[in-house]
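Participant: Just so it is clear, I am handing over data.pdb, which has PDB, C-alpha atoms.
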ATOM      1  CA  MET A  25      27.423  45.143  13.991
ATOM      2  CA  PRO A  26      25.336  42.037  13.340
ATOM      3  CA  PRO A  27      24.428  39.926  16.333
ATOM      4  CA  MET A  28      26.577  36.940  17.062
ATOM      5  CA  PRO A  29      25.095  33.757  15.579
ATOM      6  CA  LEU A  30      23.798  31.378  18.173
ATOM      7  CA  VAL A  31      25.531  28.357  16.652
ATOM      8  CA  PRO A  32      28.647  28.112  14.490
ATOM      9  CA  PRO A  33      27.968  28.419  10.755
ATOM     10  CA  LEU A  34      29.021  24.853  10.016
ATOM     11  CA  VAL A  35      26.552  23.478  12.547
ATOM     12  CA  GLN A  36      23.938  25.849  11.155
ATOM     13  CA  GLN A  37      24.553  24.442   7.677
ATOM     14  CA  LEU A  38      24.132  20.917   8.996
ATOM     15  CA  ILE A  39      20.892  21.874  10.743
ATOM     16  CA  ASP A  40      19.612  23.525   7.555
ATOM     17  CA  LEU A  41      20.424  20.360   5.636
ATOM     18  CA  LEU A  42      18.597  18.209   8.156
ATOM     19  CA  VAL A  43      15.437  20.302   8.358
ATOM     20  CA  ALA A  44      15.207  20.937   4.604
ATOM     21  CA  ALA A  45      12.299  19.240   2.877
ATOM     22  CA  PRO A  46      13.488  16.263   0.822
ATOM     23  CA  PRO A  47      13.099  16.681  -2.933
ATOM     24  CA  LEU A  48      10.093  15.379  -4.818
ATOM     25  CA  GLU A  49      12.234  12.756  -6.521
ATOM     26  CA  GLY A  50      12.990  11.119  -3.168
ATOM     27  CA  TYR A  51       9.339  10.321  -2.567
ATOM     28  CA  LEU A  52       8.863   9.214  -6.166
ATOM     29  CA  VAL A  53      11.821   6.827  -6.023
ATOM     30  CA  VAL A  54      10.632   5.336  -2.729
ATOM     31  CA  GLY A  55       7.192   4.823  -4.269
ATOM     32  CA  ALA A  56       8.693   3.203  -7.371
ATOM     33  CA  ILE A  57      10.847   0.826  -5.310
ATOM     34  CA  LEU A  58       7.867  -0.072  -3.122
ATOM     35  CA  PHE A  59       5.872  -0.820  -6.281
ATOM     36  CA  ALA A  60       8.694  -2.984  -7.635
ATOM     37  CA  ILE A  61       9.040  -4.967  -4.391
ATOM     38  CA  GLY A  62       5.295  -5.566  -4.380
ATOM     39  CA  ALA A  63       5.393  -6.682  -8.000
ATOM     40  CA  TRP A  64       8.236  -9.079  -7.217
ATOM     41  CA  GLY A  65       6.305 -10.624  -4.350
ATOM     42  CA  ALA A  66       3.120 -10.898  -6.371
ATOM     43  CA  LEU A  67       5.063 -12.681  -9.114
ATOM     44  CA  VAL A  68       7.032 -15.178  -7.074
ATOM     45  CA  ARG A  69       5.126 -16.058  -3.899
ATOM     46  CA  ARG A  70       2.973 -19.195  -3.855
ATOM     47  CA  ASN A  71       0.559 -18.329  -1.065
ATOM     48  CA  ALA A  72      -2.487 -16.441  -2.341
ATOM     49  CA  VAL A  73      -2.798 -14.414   0.870
ATOM     50  CA  VAL A  74       0.795 -13.201   0.514
ATOM     51  CA  VAL A  75       0.081 -12.317  -3.104
ATOM     52  CA  PHE A  76      -2.737 -10.079  -1.826
ATOM     53  CA  MET A  77      -0.380  -8.440   0.646
ATOM     54  CA  CYS A  78       2.064  -7.679  -2.152
ATOM     55  CA  VAL A  79      -0.705  -6.163  -4.269
ATOM     56  CA  GLU A  80      -1.491  -3.907  -1.302
ATOM     57  CA  LEU A  81       2.170  -2.881  -1.225
ATOM     58  CA  MET A  82       1.973  -1.901  -4.896
ATOM     59  CA  ILE A  83      -1.161   0.152  -4.209
ATOM     60  CA  ASN A  84       0.644   1.916  -1.366
ATOM     61  CA  GLY A  85       3.521   2.802  -3.650
ATOM     62  CA  VAL A  86       1.125   4.406  -6.106
ATOM     63  CA  ASN A  87      -0.649   6.255  -3.279
ATOM     64  CA  LEU A  88       2.670   7.636  -2.061
ATOM     65  CA  THR A  89       3.398   8.918  -5.564
ATOM     66  CA  LEU A  90      -0.030  10.555  -5.831
ATOM     67  CA  VAL A  91       0.274  12.348  -2.498
ATOM     68  CA  ALA A  92       3.833  13.469  -3.275
ATOM     69  CA  PHE A  93       2.613  15.035  -6.514
ATOM     70  CA  ALA A  94      -0.271  16.688  -4.684
ATOM     71  CA  ASP A  95       2.108  18.272  -2.205
ATOM     72  CA  TYR A  96       4.927  19.312  -4.536
ATOM     73  CA  LEU A  97       3.289  20.384  -7.799
ATOM     74  CA  PRO A  98       1.691  23.828  -7.486
ATOM     75  CA  ASN A  99      -0.911  23.254 -10.187
ATOM     76  CA  ALA A 100      -2.135  19.969  -8.730
ATOM     77  CA  GLY A 101      -4.289  21.804  -6.230
ATOM     78  CA  GLY A 102      -3.771  19.122  -3.621
ATOM     79  CA  LEU A 103      -6.217  16.815  -5.368
ATOM     80  CA  GLY A 104      -3.887  13.818  -5.323
ATOM     81  CA  ALA A 105      -4.746  13.249  -1.670
ATOM     82  CA  SER A 106      -8.429  13.002  -2.631
ATOM     83  CA  TYR A 107      -7.584  10.462  -5.311
ATOM     84  CA  ALA A 108      -5.611   8.563  -2.685
ATOM     85  CA  VAL A 109      -8.737   8.342  -0.511
ATOM     86  CA  LEU A 110     -10.637   6.803  -3.424
ATOM     87  CA  VAL A 111      -7.768   4.387  -4.078
ATOM     88  CA  ILE A 112      -7.838   3.323  -0.426
ATOM     89  CA  ALA A 113     -11.591   2.689  -0.627
ATOM     90  CA  ILE A 114     -11.210   0.612  -3.796
ATOM     91  CA  ALA A 115      -8.314  -1.330  -2.267
ATOM     92  CA  ALA A 116     -10.441  -2.099   0.788
ATOM     93  CA  ALA A 117     -13.227  -3.415  -1.469
ATOM     94  CA  GLU A 118     -10.678  -5.459  -3.415
ATOM     95  CA  ILE A 119      -9.202  -7.036  -0.297
ATOM     96  CA  ALA A 120     -12.668  -7.971   0.991
ATOM     97  CA  VAL A 121     -13.750  -9.651  -2.244
ATOM     98  CA  GLY A 122     -10.321 -11.180  -2.830
ATOM     99  CA  LEU A 123     -10.116 -12.806   0.579
ATOM    100  CA  ALA A 124     -13.668 -14.093   0.147
ATOM    101  CA  ILE A 125     -12.567 -15.719  -3.103
ATOM    102  CA  VAL A 126      -9.494 -17.168  -1.381
ATOM    103  CA  LEU A 127     -11.730 -18.614   1.338
ATOM    104  CA  ALA A 128     -14.062 -20.118  -1.266
ATOM    105  CA  VAL A 129     -11.130 -21.624  -3.170
ATOM    106  CA  PHE A 130      -9.686 -23.023   0.038
ATOM    107  CA  ARG A 131     -13.025 -24.570   0.939
ATOM    108  CA  THR A 132     -13.315 -26.430  -2.351
ATOM    109  CA  ARG A 133      -9.660 -27.100  -3.244
ATOM    110  CA  ARG A 134      -8.122 -27.408   0.242
ATOM    111  CA  THR A 135      -5.202 -25.210  -0.807
ATOM    112  CA  VAL A 136      -4.311 -21.564  -1.267
ATOM    113  CA  ASN A 137      -1.253 -22.300  -3.366
ATOM    114  CA  VAL A 138      -1.731 -20.344  -6.560
ATOM    115  CA  ASP A 139       0.344 -22.862  -8.523
ATOM    116  CA  GLU A 140      -2.082 -25.678  -7.731
ATOM    117  CA  VAL A 141      -5.307 -23.874  -8.658
ATOM    118  CA  THR A 142      -5.161 -24.500 -12.381
ATOM    119  CA  SER A 143      -8.718 -25.408 -13.352
ATOM    120  CA  MET A 144      -8.946 -22.411 -15.710
ATOM    121  CA  ARG A 145      -5.706 -23.240 -17.502
ATOM    122  CA  GLY A 146      -6.331 -23.458 -21.216
TER     123      GLY A 146
ATOM    124  CA  MET B  27      12.863  16.299   7.715
ATOM    125  CA  THR B  28      15.741  14.493   6.055
ATOM    126  CA  VAL B  29      16.214  12.291   9.110
ATOM    127  CA  ALA B  30      12.508  11.487   9.191
ATOM    128  CA  PHE B  31      12.526  10.815   5.464
ATOM    129  CA  ALA B  32      15.483   8.432   5.715
ATOM    130  CA  PHE B  33      13.942   6.618   8.669
ATOM    131  CA  LEU B  34      10.549   6.227   7.004
ATOM    132  CA  ALA B  35      12.063   5.183   3.673
ATOM    133  CA  GLY B  36      14.152   2.533   5.385
ATOM    134  CA  MET B  37      11.193   1.276   7.391
ATOM    135  CA  THR B  38       8.981   1.119   4.295
ATOM    136  CA  LEU B  39      11.457  -0.729   2.108
ATOM    137  CA  VAL B  40      12.840  -3.102   4.745
ATOM    138  CA  SER B  41       9.303  -4.046   5.784
ATOM    139  CA  ALA B  42       8.348  -4.560   2.135
ATOM    140  CA  PHE B  43      11.292  -6.926   1.685
ATOM    141  CA  GLY B  44      10.166  -8.661   4.864
ATOM    142  CA  VAL B  45       6.720  -9.243   3.352
ATOM    143  CA  VAL B  46       8.213 -10.931   0.305
ATOM    144  CA  LEU B  47      11.001 -12.885   1.984
ATOM    145  CA  SER B  48       9.454 -13.935   5.288
ATOM    146  CA  ARG B  49       8.823 -17.653   5.566
ATOM    147  CA  ASN B  50       6.018 -17.284   8.087
ATOM    148  CA  VAL B  51       2.809 -15.862   6.657
ATOM    149  CA  VAL B  52       1.897 -14.146   9.923
ATOM    150  CA  HIS B  53       5.277 -12.415   9.918
ATOM    151  CA  SER B  54       4.538 -11.257   6.387
ATOM    152  CA  ALA B  55       1.277  -9.703   7.574
ATOM    153  CA  LEU B  56       3.008  -7.888  10.432
ATOM    154  CA  PHE B  57       5.760  -6.617   8.113
ATOM    155  CA  MET B  58       3.033  -5.353   5.793
ATOM    156  CA  SER B  59       1.484  -3.489   8.715
ATOM    157  CA  GLY B  60       4.837  -1.837   9.466
ATOM    158  CA  SER B  61       5.233  -0.787   5.854
ATOM    159  CA  PHE B  62       1.765   0.784   5.867
ATOM    160  CA  LEU B  63       2.594   2.639   9.078
ATOM    161  CA  ALA B  64       5.719   4.125   7.491
ATOM    162  CA  VAL B  65       3.692   5.224   4.467
ATOM    163  CA  ALA B  66       1.308   6.958   6.889
ATOM    164  CA  GLY B  67       4.346   8.814   8.239
ATOM    165  CA  PHE B  68       5.156   9.886   4.684
ATOM    166  CA  PHE B  69       1.615  11.229   4.362
ATOM    167  CA  VAL B  70       2.136  13.345   7.469
ATOM    168  CA  MET B  71       5.351  14.713   5.971
ATOM    169  CA  LEU B  72       3.468  15.467   2.743
ATOM    170  CA  ASN B  73       0.895  17.724   4.413
ATOM    171  CA  ALA B  74      -1.959  15.206   4.340
ATOM    172  CA  PRO B  75      -2.605  14.415   8.027
ATOM    173  CA  ALA B  76      -6.223  13.365   7.434
ATOM    174  CA  LEU B  77      -5.055  10.898   4.813
ATOM    175  CA  ALA B  78      -2.470   9.571   7.274
ATOM    176  CA  ALA B  79      -5.300   8.978   9.748
ATOM    177  CA  PHE B  80      -7.264   7.112   7.068
ATOM    178  CA  GLN B  81      -4.169   5.069   6.263
ATOM    179  CA  VAL B  82      -3.674   4.054   9.882
ATOM    180  CA  LEU B  83      -7.354   3.268  10.417
ATOM    181  CA  ILE B  84      -7.994   1.373   7.200
ATOM    182  CA  TYR B  85      -4.671  -0.245   6.324
ATOM    183  CA  VAL B  86      -2.875  -0.708   9.631
ATOM    184  CA  GLY B  87      -6.146  -1.508  11.372
ATOM    185  CA  ALA B  88      -8.746  -3.038   9.114
ATOM    186  CA  VAL B  89      -6.831  -4.586   6.225
ATOM    187  CA  THR B  90      -4.246  -6.170   8.501
ATOM    188  CA  VAL B  91      -6.948  -7.669  10.708
ATOM    189  CA  VAL B  92      -8.862  -9.002   7.705
ATOM    190  CA  ILE B  93      -5.706 -10.543   6.268
ATOM    191  CA  LEU B  94      -4.857 -12.103   9.624
ATOM    192  CA  PHE B  95      -8.356 -13.612   9.658
ATOM    193  CA  GLY B  96      -7.757 -14.926   6.151
ATOM    194  CA  ILE B  97      -4.484 -16.497   7.295
ATOM    195  CA  MET B  98      -6.238 -17.999  10.289
ATOM    196  CA  PHE B  99      -8.885 -19.627   8.096
ATOM    197  CA  THR B 100      -6.677 -20.875   5.302
ATOM    198  CA  GLN B 101      -3.497 -22.169   6.925
ATOM    199  CA  ARG B 102      -3.995 -25.777   7.887
ATOM    200  CA  PRO B 103      -1.860 -27.036  10.772
ATOM    201  CA  GLN B 104      -0.134 -29.611   8.615
ATOM    202  CA  ALA B 105       0.654 -26.910   6.057
ATOM    203  CA  ARG B 106       2.801 -24.998   8.498
ATOM    204  CA  ARG B 107       5.909 -27.035   7.951
ATOM    205  CA  TYR B 108       8.572 -25.355   5.890
ATOM    206  CA  ARG B 109       8.049 -25.747   2.236
ATOM    207  CA  THR B 110       9.381 -23.684  -0.582
ATOM    208  CA  ILE B 111       7.547 -20.381  -0.500
ATOM    209  CA  VAL B 112       8.777 -19.103  -3.834
ATOM    210  CA  ASN B 113       7.771 -20.645  -7.118
ATOM    211  CA  ARG B 114      10.101 -21.661  -9.921
ATOM    212  CA  GLN B 115      10.241 -18.167 -11.380
ATOM    213  CA  GLY B 116      11.926 -16.684  -8.282
ATOM    214  CA  TRP B 117      15.027 -15.269  -9.905
ATOM    215  CA  TRP B 118      13.321 -14.333 -13.136
ATOM    216  CA  GLY B 119      10.668 -12.516 -11.134
ATOM    217  CA  PHE B 120      13.379 -10.723  -9.202
ATOM    218  CA  PHE B 121      15.115  -9.591 -12.364
ATOM    219  CA  VAL B 122      11.878  -8.421 -13.973
ATOM    220  CA  ALA B 123      10.812  -6.536 -10.847
ATOM    221  CA  ALA B 124      14.265  -4.995 -10.428
ATOM    222  CA  GLY B 125      14.160  -3.893 -14.053
ATOM    223  CA  VAL B 126      10.721  -2.359 -13.622
ATOM    224  CA  GLY B 127      11.796  -0.603 -10.416
ATOM    225  CA  THR B 128      15.001   0.719 -11.947
ATOM    226  CA  PHE B 129      13.183   1.950 -15.020
ATOM    227  CA  LEU B 130      10.453   3.666 -12.987
ATOM    228  CA  ALA B 131      12.952   5.256 -10.604
ATOM    229  CA  TYR B 132      15.113   6.430 -13.504
ATOM    230  CA  VAL B 133      12.206   7.981 -15.375
ATOM    231  CA  LEU B 134      10.706   9.607 -12.280
ATOM    232  CA  ALA B 135      14.044  10.982 -11.093
ATOM    233  CA  ASN B 136      15.062  12.407 -14.461
ATOM    234  CA  GLU B 137      11.753  13.882 -15.512
ATOM    235  CA  ASP B 138      11.623  17.661 -15.390
ATOM    236  CA  TRP B 139       8.773  18.409 -13.005
ATOM    237  CA  GLY B 140       9.036  22.164 -13.379
ATOM    238  CA  SER B 141       8.945  24.298 -10.286
ATOM    239  CA  THR B 142       8.298  22.037  -7.334
ATOM    240  CA  ALA B 143       7.941  23.257  -3.800
ATOM    241  CA  ALA B 144       6.693  21.451  -0.755
ATOM    242  CA  GLY B 145       3.614  22.698   1.039
ATOM    243  CA  ASN B 146       0.837  22.590  -1.575
ATOM    244  CA  GLY B 147      -0.956  19.702   0.075
ATOM    245  CA  PRO B 148      -4.350  20.121   1.742
ATOM    246  CA  ARG B 149      -3.077  20.403   5.298
ATOM    247  CA  ASP B 150      -6.353  21.975   6.377
ATOM    248  CA  VAL B 151      -8.804  19.143   6.935
ATOM    249  CA  GLY B 152     -11.725  21.381   5.969
ATOM    250  CA  ALA B 153     -10.177  22.131   2.588
ATOM    251  CA  PHE B 154      -9.446  18.436   2.166
ATOM    252  CA  GLY B 155     -13.106  17.624   2.819
ATOM    253  CA  HIS B 156     -14.199  20.264   0.326
ATOM    254  CA  ASP B 157     -11.916  18.686  -2.281
ATOM    255  CA  LEU B 158     -13.282  15.235  -1.552
ATOM    256  CA  LEU B 159     -16.908  16.335  -1.855
ATOM    257  CA  GLY B 160     -16.320  18.374  -5.008
ATOM    258  CA  VAL B 161     -17.167  21.740  -3.452
ATOM    259  CA  SER B 162     -13.903  23.561  -4.090
ATOM    260  CA  ALA B 163     -12.973  24.824  -7.521
ATOM    261  CA  GLY B 164     -11.430  22.293  -9.871
ATOM    262  CA  SER B 165     -12.594  19.229  -7.959
ATOM    263  CA  GLU B 166     -16.150  18.913  -9.243
ATOM    264  CA  ILE B 167     -15.605  15.357 -10.453
ATOM    265  CA  PHE B 168     -15.017  14.141  -6.925
ATOM    266  CA  VAL B 169     -18.654  14.250  -5.904
ATOM    267  CA  LEU B 170     -19.352  11.634  -8.584
ATOM    268  CA  LEU B 171     -16.296   9.569  -7.650
ATOM    269  CA  PHE B 172     -17.259   9.728  -3.982
ATOM    270  CA  GLU B 173     -20.750   8.382  -4.666
ATOM    271  CA  VAL B 174     -19.439   5.685  -6.996
ATOM    272  CA  ALA B 175     -16.943   4.621  -4.321
ATOM    273  CA  SER B 176     -19.719   4.335  -1.748
ATOM    274  CA  VAL B 177     -21.806   2.155  -4.085
ATOM    275  CA  LEU B 178     -18.705   0.084  -4.848
ATOM    276  CA  LEU B 179     -18.103  -0.522  -1.156
ATOM    277  CA  LEU B 180     -21.714  -1.638  -0.680
ATOM    278  CA  VAL B 181     -21.467  -4.027  -3.639
ATOM    279  CA  ALA B 182     -18.148  -5.338  -2.331
ATOM    280  CA  ILE B 183     -19.636  -6.081   1.087
ATOM    281  CA  VAL B 184     -22.535  -7.995  -0.483
ATOM    282  CA  ALA B 185     -20.178  -9.813  -2.853
ATOM    283  CA  ALA B 186     -17.833 -10.825  -0.047
ATOM    284  CA  ILE B 187     -20.741 -12.285   1.914
ATOM    285  CA  VAL B 188     -22.176 -14.101  -1.097
ATOM    286  CA  VAL B 189     -18.855 -15.536  -2.240
ATOM    287  CA  SER B 190     -17.620 -16.693   1.127
ATOM    288  CA  ARG B 191     -20.756 -17.990   2.788
ATOM    289  CA  ARG B 192     -21.483 -21.665   3.092
ATOM    290  CA  LYS B 193     -24.293 -22.864   0.862
ATOM    291  CA  THR B 194     -27.336 -24.155   2.675
ATOM    292  CA  GLY B 195     -27.395 -27.913   2.896
ATOM    293  CA  GLU B 196     -23.704 -28.136   2.159
ATOM    294  CA  GLY B 197     -23.045 -29.278   5.671
ATOM    295  CA  ILE B 198     -19.675 -29.474   7.301
ATOM    296  CA  ASP B 199     -17.047 -29.613   4.613
ATOM    297  CA  ARG B 200     -14.007 -29.210   6.806
ATOM    298  CA  GLU B 201     -13.217 -32.487   8.420
ATOM    299  CA  VAL B 202     -12.194 -31.841  11.982
ATOM    300  CA  ARG B 203      -8.825 -33.317  12.680
ATOM    301  CA  GLU B 204      -8.051 -32.039  16.127
TER     302      GLU B 204
END
Just give me the structure of the file as structure tokens.

Facilitator:
Amino acid sequence: MPPMPLVPPLVQQLIDLLVAAPPLEGYLVVGAILFAIGAWGALVRRNAVVVFMCVELMINGVNLTLVAFADYLPNAGGLGASYAVLVIAIAAAEIAVGLAIVLAVFRTRRTVNVDEVTSMRG
Amino acid sequence: MTVAFAFLAGMTLVSAFGVVLSRNVVHSALFMSGSFLAVAGFFVMLNAPALAAFQVLIYVGAVTVVILFGIMFTQRPQARRYRTIVNRQGWWGFFVAAGVGTFLAYVLANEDWGSTAAGNGPRDVGAFGHDLLGVSAGSEIFVLLFEVASVLLLVAIVAAIVVSRRKTGEGIDREVRE
């Protein structure tokens, strides 16, 4: 006769559900929503520093998507994580140059409000 | 895994909303740090522990500190009073972003990705390094990308110094009001 199960089958089902890997679509949807929230913030906030933060959020959403593909798609070969490293490096360069530009704008215009910096408006 | 996924997803999205909706800029920066930390947890779940370490070091550490320095330099004391933080396009921006997010989530959730199974990520840090340096099969382009990224970082450092430094002879341009 088979050995007695250690836990009741219903509890075992619950445990199986809890330890199962979430589907690929879960990660993709979280990445898409993170991208959308970042896009919203970049569109509506006035402070240039906050706009940079929201751009970083968008980049993180894309990174999450890349790494999820690298882990779940068999033919990806795990290369999405390597692309994510390059994206992180480029984002670091972008934040350095961007904050330098914000500092320069603040020094000359005395504001970081993106609605007030309109000297290039046509 | 499902519990961890739900926790990390909630932390990511709530912190992201905190970045957009927080009235205090410093609070926005700290919310952003929390969101990055949750994404690092996702990377651990997705079999990329080395990438999670990079995420914590670069985003949670370096980028947050640089942004806090930027806040410190650009927020004048008299600018700290409450003023409207959202421009006139607040609701329109919300609708556009919600539309984009819904569309992306719909497309990504309904696309047929073929046979997907977790566990293909480069959990082994040695294999991950081989991928990144273009040694392993199929990743030959990465040696070029790696070198280009290093040159880009060097150029970015020089550009940040050149753009943000005070010109000689410009003198003190911030009147001290303390």

Participant: Would you mind listing, as a ChimeraX atom specification, all residues of chain B that have at least one atom within 6 Å of chain A, where all atoms listed in the file are what counts?

Facilitator: /B:27-28,46,72,111-113,116,119-120,123,127,130-131,135,142-148,158,179,182,186,189-190

Participant: Calculate how many Å separate atom CA of Ile39 of chain A from atom CA of Phe62 of chain B, rounding to one decimal.

Facilitator: 28.9 Å

Participant: Just to confirm, what's the straight-line distance from atom CA of Ser41 of chain B to atom CA of Val29 of chain B in Å (one decimal)?

Facilitator: 18.0 Å

Participant: Would you work out the distance separating atom CA of Gly60 of chain B from atom CA of Leu77 of chain B, expressed in Å to one decimal?

Facilitator: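 Taking atom CA of Gly60 of chain B and atom CA of Leu77 of chain B, their separation equals 16.8 Å.
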
Participant: First collect every listed atom of segment 108-120 of chain A; then fit an axis-aligned box around them, widen it by 3 Å on each side, and give centre and edge lengths in Å to one decimal, as lines of an AutoDock Vina configuration file.

Facilitator:
center_x = -9.4
center_y = 0.3
center_z = -1.5
size_x = 13.6
size_y = 22.5
size_z = 11.1

Participant: May I ask you to restore N, CA and C atoms in segment 102-113 of chain A and write the result as a PDB file, keeping the file's coordinate frame?

Facilitator:
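Dumped everything to rebuild12.pdb:
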ATOM      1  N   GLY A 102      -3.586  20.018  -4.750  1.00  0.00           N
ATOM      2  CA  GLY A 102      -3.771  19.122  -3.621  1.00  0.00           C
ATOM      3  C   GLY A 102      -4.804  18.048  -3.852  1.00  0.00           C
ATOM      4  N   LEU A 103      -5.164  17.795  -5.114  1.00  0.00           N
ATOM      5  CA  LEU A 103      -6.217  16.815  -5.368  1.00  0.00           C
ATOM      6  C   LEU A 103      -5.708  15.376  -5.338  1.00  0.00           C
ATOM      7  N   GLY A 104      -4.401  15.180  -5.379  1.00  0.00           N
ATOM      8  CA  GLY A 104      -3.887  13.818  -5.323  1.00  0.00           C
ATOM      9  C   GLY A 104      -4.253  13.113  -4.039  1.00  0.00           C
ATOM     10  N   ALA A 105      -4.344  13.867  -2.938  1.00  0.00           N
ATOM     11  CA  ALA A 105      -4.746  13.249  -1.670  1.00  0.00           C
ATOM     12  C   ALA A 105      -6.182  12.734  -1.762  1.00  0.00           C
ATOM     13  N   SER A 106      -7.044  13.465  -2.478  1.00  0.00           N
ATOM     14  CA  SER A 106      -8.429  13.002  -2.631  1.00  0.00           C
ATOM     15  C   SER A 106      -8.476  11.733  -3.477  1.00  0.00           C
ATOM     16  N   TYR A 107      -7.656  11.706  -4.533  1.00  0.00           N
ATOM     17  CA  TYR A 107      -7.584  10.462  -5.311  1.00  0.00           C
ATOM     18  C   TYR A 107      -7.081   9.315  -4.445  1.00  0.00           C
ATOM     19  N   ALA A 108      -6.140   9.621  -3.547  1.00  0.00           N
ATOM     20  CA  ALA A 108      -5.611   8.563  -2.685  1.00  0.00           C
ATOM     21  C   ALA A 108      -6.701   7.996  -1.778  1.00  0.00           C
ATOM     22  N   VAL A 109      -7.619   8.849  -1.321  1.00  0.00           N
ATOM     23  CA  VAL A 109      -8.737   8.342  -0.511  1.00  0.00           C
ATOM     24  C   VAL A 109      -9.576   7.360  -1.323  1.00  0.00           C
ATOM     25  N   LEU A 110      -9.850   7.710  -2.590  1.00  0.00           N
ATOM     26  CA  LEU A 110     -10.637   6.803  -3.424  1.00  0.00           C
ATOM     27  C   LEU A 110      -9.888   5.501  -3.662  1.00  0.00           C
ATOM     28  N   VAL A 111      -8.556   5.601  -3.864  1.00  0.00           N
ATOM     29  CA  VAL A 111      -7.768   4.387  -4.078  1.00  0.00           C
ATOM     30  C   VAL A 111      -7.821   3.495  -2.845  1.00  0.00           C
ATOM     31  N   ILE A 112      -7.765   4.117  -1.657  1.00  0.00           N
ATOM     32  CA  ILE A 112      -7.838   3.323  -0.426  1.00  0.00           C
ATOM     33  C   ILE A 112      -9.182   2.613  -0.328  1.00  0.00           C
ATOM     34  N   ALA A 113     -10.262   3.312  -0.693  1.00  0.00           N
ATOM     35  CA  ALA A 113     -11.591   2.689  -0.627  1.00  0.00           C
ATOM     36  C   ALA A 113     -11.669   1.508  -1.590  1.00  0.00           C
TER      37      ALA A 113
END
